Structure formats: C-alpha cells, structure tokens
$ cat structure-v6.pdb   # PDB, C-alpha atoms
MODEL        1
ATOM      1  CA  LEU A   1       0.000   0.000   0.000
ATOM      2  CA  VAL A   2       1.220   3.451  -0.851
ATOM      3  CA  THR A   3      -0.382   6.336   0.972
ATOM      4  CA  GLY A   4       0.765   9.820   0.187
ATOM      5  CA  SER A   5       0.057  13.496   0.540
ATOM      6  CA  ARG A   6      -1.293  15.243  -2.556
ATOM      7  CA  THR A   7       1.156  18.110  -2.050
ATOM      8  CA  ILE A   8       4.131  15.847  -2.792
ATOM      9  CA  THR A   9       4.812  16.118  -6.514
ATOM     10  CA  ASN A  10       8.528  15.341  -6.823
ATOM     11  CA  LYS A  11       8.664  12.415  -9.262
ATOM     12  CA  GLN A  12      12.309  11.529  -8.584
ATOM     13  CA  TRP A  13      11.785  11.443  -4.817
ATOM     14  CA  ILE A  14       8.631   9.324  -5.110
ATOM     15  CA  GLU A  15      10.160   6.867  -7.578
ATOM     16  CA  SER A  16      13.355   6.547  -5.528
ATOM     17  CA  ILE A  17      11.214   5.296  -2.650
ATOM     18  CA  LEU A  18       9.039   2.995  -4.752
ATOM     19  CA  GLN A  19      12.178   1.386  -6.231
ATOM     20  CA  GLN A  20      13.176   0.206  -2.755
ATOM     21  CA  TYR A  21      10.171  -2.147  -2.641
ATOM     22  CA  ASP A  22       9.510  -5.289  -4.642
ATOM     23  CA  PHE A  23       5.735  -5.195  -4.433
ATOM     24  CA  GLU A  24       3.506  -7.400  -6.565
ATOM     25  CA  ILE A  25       0.265  -5.531  -5.865
ATOM     26  CA  LEU A  26      -0.125  -1.807  -5.372
ATOM     27  CA  VAL A  27      -3.075  -0.540  -3.327
ATOM     28  CA  ILE A  28      -3.902   3.126  -3.927
ATOM     29  CA  GLY A  29      -6.791   5.405  -3.089
ATOM     30  CA  ILE A  30      -7.702   6.597  -6.586
ATOM     31  CA  ASP A  31      -9.598   4.622  -9.227
ATOM     32  CA  TYR A  32      -7.541   4.305 -12.378
ATOM     33  CA  ASN A  33      -8.790   0.810 -13.246
ATOM     34  CA  THR A  34     -12.035   2.071 -14.776
ATOM     35  CA  ILE A  35     -10.078   3.984 -17.408
ATOM     36  CA  LYS A  36      -8.282   2.243 -20.247
ATOM     37  CA  HIS A  37      -4.490   2.365 -19.993
ATOM     38  CA  HIS A  38      -3.935   4.785 -22.895
ATOM     39  CA  GLN A  39      -6.703   7.086 -21.635
ATOM     40  CA  THR A  40      -5.129   7.084 -18.188
ATOM     41  CA  GLN A  41      -1.753   8.014 -19.662
ATOM     42  CA  GLU A  42      -3.378  10.894 -21.581
ATOM     43  CA  LYS A  43      -5.351  12.041 -18.532
ATOM     44  CA  LEU A  44      -2.226  12.109 -16.377
ATOM     45  CA  GLN A  45      -0.217  13.876 -19.075
ATOM     46  CA  GLN A  46      -2.868  16.620 -19.157
ATOM     47  CA  LYS A  47      -2.531  17.247 -15.430
ATOM     48  CA  LYS A  48      -0.028  19.964 -14.641
ATOM     49  CA  ILE A  49       0.924  18.501 -11.279
ATOM     50  CA  LEU A  50       0.979  14.793 -10.475
ATOM     51  CA  SER A  51       0.612  13.414  -6.949
ATOM     52  CA  VAL A  52       1.984  10.403  -5.098
ATOM     53  CA  ASP A  53      -0.999   8.298  -6.248
ATOM     54  CA  ASP A  54      -0.463   9.351  -9.866
ATOM     55  CA  TYR A  55       3.245   8.519  -9.849
ATOM     56  CA  ALA A  56       2.663   5.268  -7.948
ATOM     57  CA  PHE A  57       0.076   4.240 -10.548
ATOM     58  CA  LEU A  58       2.417   5.050 -13.446
ATOM     59  CA  TYR A  59       5.292   3.259 -11.729
ATOM     60  CA  ALA A  60       3.170   0.145 -11.182
ATOM     61  CA  LYS A  61       1.985   0.170 -14.804
ATOM     62  CA  GLN A  62       5.546   0.606 -16.068
ATOM     63  CA  HIS A  63       6.687  -2.357 -13.963
ATOM     64  CA  THR A  64       3.581  -4.470 -14.767
ATOM     65  CA  LYS A  65       2.323  -4.692 -11.211
ATOM     66  CA  GLN A  66      -1.267  -5.433 -10.259
ATOM     67  CA  ILE A  67      -3.167  -2.373  -9.019
ATOM     68  CA  ILE A  68      -6.030  -2.327  -6.537
ATOM     69  CA  SER A  69      -7.810   1.022  -6.442
ATOM     70  CA  LEU A  70     -10.230   2.083  -3.751
ATOM     71  CA  VAL A  71     -12.244   5.228  -4.238
ATOM     72  CA  PRO A  72     -13.861   7.142  -1.387
ATOM     73  CA  ASN A  73     -17.625   7.481  -1.756
ATOM     74  CA  TRP A  74     -17.913  11.194  -0.958
ATOM     75  CA  ILE A  75     -21.582  11.374  -1.990
ATOM     76  CA  LYS A  76     -22.762   8.612   0.350
ATOM     77  CA  LEU A  77     -20.288   8.988   3.226
ATOM     78  CA  LYS A  78     -19.552  12.726   3.022
ATOM     79  CA  ASN A  79     -16.707  13.782   5.357
ATOM     80  CA  SER A  80     -16.027  10.251   6.592
ATOM     81  CA  ALA A  81     -15.391   8.883   3.079
ATOM     82  CA  GLY A  82     -11.612   9.269   3.243
ATOM     83  CA  VAL A  83     -11.394   7.611   6.649
ATOM     84  CA  VAL A  84     -13.518   4.674   5.470
ATOM     85  CA  ARG A  85     -11.451   4.275   2.296
ATOM     86  CA  ASN A  86      -8.180   4.351   4.285
ATOM     87  CA  SER A  87      -9.531   1.619   6.570
ATOM     88  CA  GLN A  88     -10.498  -0.476   3.546
ATOM     89  CA  MET A  89      -7.011  -0.094   2.067
ATOM     90  CA  VAL A  90      -5.394  -1.290   5.291
ATOM     91  CA  GLU A  91      -7.873  -4.199   5.568
ATOM     92  CA  ILE A  92      -6.653  -5.492   2.204
ATOM     93  CA  LEU A  93      -3.182  -5.877   3.700
ATOM     94  CA  GLU A  94      -4.494  -7.896   6.644
ATOM     95  CA  THR A  95      -5.233 -10.873   4.397
ATOM     96  CA  ASN A  96      -1.600 -11.365   3.363
ATOM     97  CA  ASP A  97       1.961 -10.470   4.242
ATOM     98  CA  ASP A  98       2.017  -7.105   2.479
ATOM     99  CA  ILE A  99       3.108  -3.850   4.066
ATOM    100  CA  GLY A 100       2.391  -0.181   3.573
ATOM    101  CA  ILE A 101       4.525   2.899   3.164
ATOM    102  CA  ALA A 102       3.600   6.517   3.703
ATOM    103  CA  LEU A 103       4.981   9.465   1.751
ATOM    104  CA  TRP A 104       3.938  12.331   3.973
ATOM    105  CA  ASP A 105       4.257  16.103   3.760
ATOM    106  CA  GLY A 106       4.122  16.411   7.550
ATOM    107  CA  LYS A 107       0.666  18.014   7.379
ATOM    108  CA  SER A 108      -1.846  15.829   5.530
ATOM    109  CA  LYS A 109      -4.454  14.465   7.941
ATOM    110  CA  GLY A 110      -5.541  11.697   5.554
ATOM    111  CA  THR A 111      -2.026  10.333   5.085
ATOM    112  CA  PHE A 112      -1.435  10.626   8.837
ATOM    113  CA  GLN A 113      -4.635   8.696   9.585
ATOM    114  CA  CYS A 114      -3.731   5.992   7.073
ATOM    115  CA  PHE A 115      -0.231   5.426   8.414
ATOM    116  CA  GLN A 116      -1.605   5.370  11.966
ATOM    117  CA  LEU A 117      -3.920   2.526  10.873
ATOM    118  CA  LEU A 118      -0.999   0.748   9.241
ATOM    119  CA  ARG A 119       1.040   1.121  12.413
ATOM    120  CA  GLN A 120      -1.794  -0.242  14.589
ATOM    121  CA  GLU A 121      -2.035  -3.311  12.359
ATOM    122  CA  LYS A 122       1.763  -3.722  12.344
ATOM    123  CA  LYS A 123       1.768  -3.296   8.567
ATOM    124  CA  LEU A 124       3.706  -0.036   8.347
ATOM    125  CA  ASP A 125       7.157  -0.466   6.850
ATOM    126  CA  ASN A 126       8.254   3.153   6.796
ATOM    127  CA  ILE A 127       7.151   6.781   6.780
ATOM    128  CA  TYR A 128       8.994   9.042   4.370
ATOM    129  CA  VAL A 129       8.584  12.714   5.194
ATOM    130  CA  TYR A 130       9.135  15.126   2.324
ATOM    131  CA  LYS A 131      11.235  18.253   2.847
ATOM    132  CA  ILE A 132      11.383  17.999   6.609
ATOM    133  CA  LYS A 133      14.688  19.208   7.991
ATOM    134  CA  THR A 134      14.067  18.735  11.716
ATOM    135  CA  LEU A 135      11.481  17.321  14.048
ATOM    136  CA  LEU A 136      10.551  20.913  14.928
ATOM    137  CA  ASP A 137       9.395  21.398  11.331
ATOM    138  CA  LEU A 138       6.717  18.755  11.955
ATOM    139  CA  LEU A 139       5.425  20.671  14.968
ATOM    140  CA  LYS A 140       4.779  23.894  13.047
TER
ENDMDL
END
$ encode --input "structure-v6.pdb" --output "structure tokens"
Amino acid sequence: LVTGSRTITNKQWIESILQQYDFEILVIGIDYNTIKHHQTQEKLQQKKILSVDDYAFLYAKQHTKQIISLVPNWIKLKNSAGVVRNSQMVEILETNDDIGIALWDGKSKGTFQCFQLLRQEKKLDNIYVYKIKTLLDLLK
C-alpha cells in the first residue's frame, strides 16, 4: 500500500522510494482501473501537477504490477469517506503479508490517519517525510 500526501509532486523522490520495494500488488486510493491504460496516460499527461498516487500508478503500470484502487464514496459517506477508504485499504493488507509505506508532507491528515492505521495493524514499513529538515518542522 502506498499512501501519500497530494502536495508531494517530486517524481524523482517518489520513484526513488518505490524502487526500494519489490511489491507485486499496489493498493492506492484513486480509481484508475475504470479507465483504459492509454486514456489514463493521456489524462495524467494533461494534469499539470501529479501526486503520489499518480506517480505510484504510473510506476506500477511501467513495472507491470497489479493495481487495486479504492475510491472514497464522498456522496454517500460525506466527510467520513476518506477515513472509510483508508480503513479499507489497510484491511486489504491484513489478508496477506504485504506492508504499507507513507509518503507524507508532515501536514496531511488523511495520510497521517492511514499510516496510523498501518502502524496499529503492524503493517507499516516506513514513513517518508518530504522536505522535513528537523522534528521541529513537523510541529509547526
């Protein structure tokens, strides 16, 4: 599982982390599976800024990994949709020996909540914090 803050857009940094893991299945919180591969490539190329989920998806496609996408149901669940989706992503890991990683900006509440769930389930491998120089930076 890759959970990441939308504000992290540094492709080299993201890919350098993903390359450290030999995952077979990638679990992400955006639904790319409903779009054909070439349409997804075009859609992502049209975006000016790509996020951790976008780069993780492209990395998995490039390395022919299976992708499981879970989309929050904002209409039905409203403000709790992200929390429910994060729980579902972590539940997928409970059925096997997979782990999760977090690419965090030090601020995102959703990424924080997801890696807390991973930690509770003893599925968290590592938290990578982007552009944090000191622990005091996290407390700002």
$ closest_residue --input "structure-v6.pdb" --among "A:Lys109, A:Leu103, A:His63, A:Asp98" --to "Lys122 (chain A)" --atoms "all atoms listed in the file"
A:Asp98
$ resolve_selection --input "structure-v6.pdb" --expression "the PyMOL selection byres ((chain A and resi 8-23) around 7)" --output "CSV table (one decimal) with C-alpha atoms, in the coordinates of the input"
chain,number,residue,atom,x,y,z
A,5,SER,CA,0.1,13.5,0.5
A,6,ARG,CA,-1.3,15.2,-2.6
A,7,THR,CA,1.2,18.1,-2.0
A,24,GLU,CA,3.5,-7.4,-6.6
A,25,ILE,CA,0.3,-5.5,-5.9
A,26,LEU,CA,-0.1,-1.8,-5.4
A,49,ILE,CA,0.9,18.5,-11.3
A,50,LEU,CA,1.0,14.8,-10.5
A,51,SER,CA,0.6,13.4,-6.9
A,52,VAL,CA,2.0,10.4,-5.1
A,55,TYR,CA,3.2,8.5,-9.8
A,105,ASP,CA,4.3,16.1,3.8
$ atom_distance --input "structure-v6.pdb" --atom1 "CA of Asp97 (chain A)" --atom2 "CA of Asn73 (chain A)"
27.2 Å
$ residues_around --input "structure-v6.pdb" --residues "Ser69 (chain A)" --least-positions-apart "5" --cutoff "6 Å" --atoms "only C-alpha atoms" --output "ChimeraX atom specification"
/A:27-31
$ resolve_selection --input "structure-v6.pdb" --expression "the PyMOL selection byres ((chain A and resi 94) around 12)" --output "MDAnalysis selection string"
chainID A and resid 1 87:93 95:100 117:118 120:124
$ atom_distance --input "structure-v6.pdb" --atom1 "CA of Tyr128 (chain A)" --atom2 "CA of Phe112 (chain A)"
11.5 Å
$ atom_distance --input "structure-v6.pdb" --atom1 "CA of Lys131 (chain A)" --atom2 "CA of Asn86 (chain A)"
23.9 Å
$ closest_residue --input "structure-v6.pdb" --among "A:Lys65, A:Val2, A:Val71, A:Ser80" --to "Asp53 (chain A)" --atoms "all atoms listed in the file"
A:Val2
$ axis_aligned_box --input "structure-v6.pdb" --around "region 107-117 of chain A" --padding-each-side "8 Å" --output "lines of an AutoDock Vina configuration file"
center_x = -2.4
center_y = 10.3
center_z = 8.5
size_x = 22.2
size_y = 31.5
size_z = 22.9
$ closest_residue --input "structure-v6.pdb" --among "A:Tyr59, A:Gln113, A:Trp104, A:Lys78" --to "Asn126 (chain A)" --atoms "all atoms listed in the file"
A:Trp104
$ closest_residue --input "structure-v6.pdb" --among "A:Asn79, A:Val84, A:Tyr130, A:Gln62" --to "Ala102 (chain A)" --atoms "all atoms listed in the file"
A:Tyr130
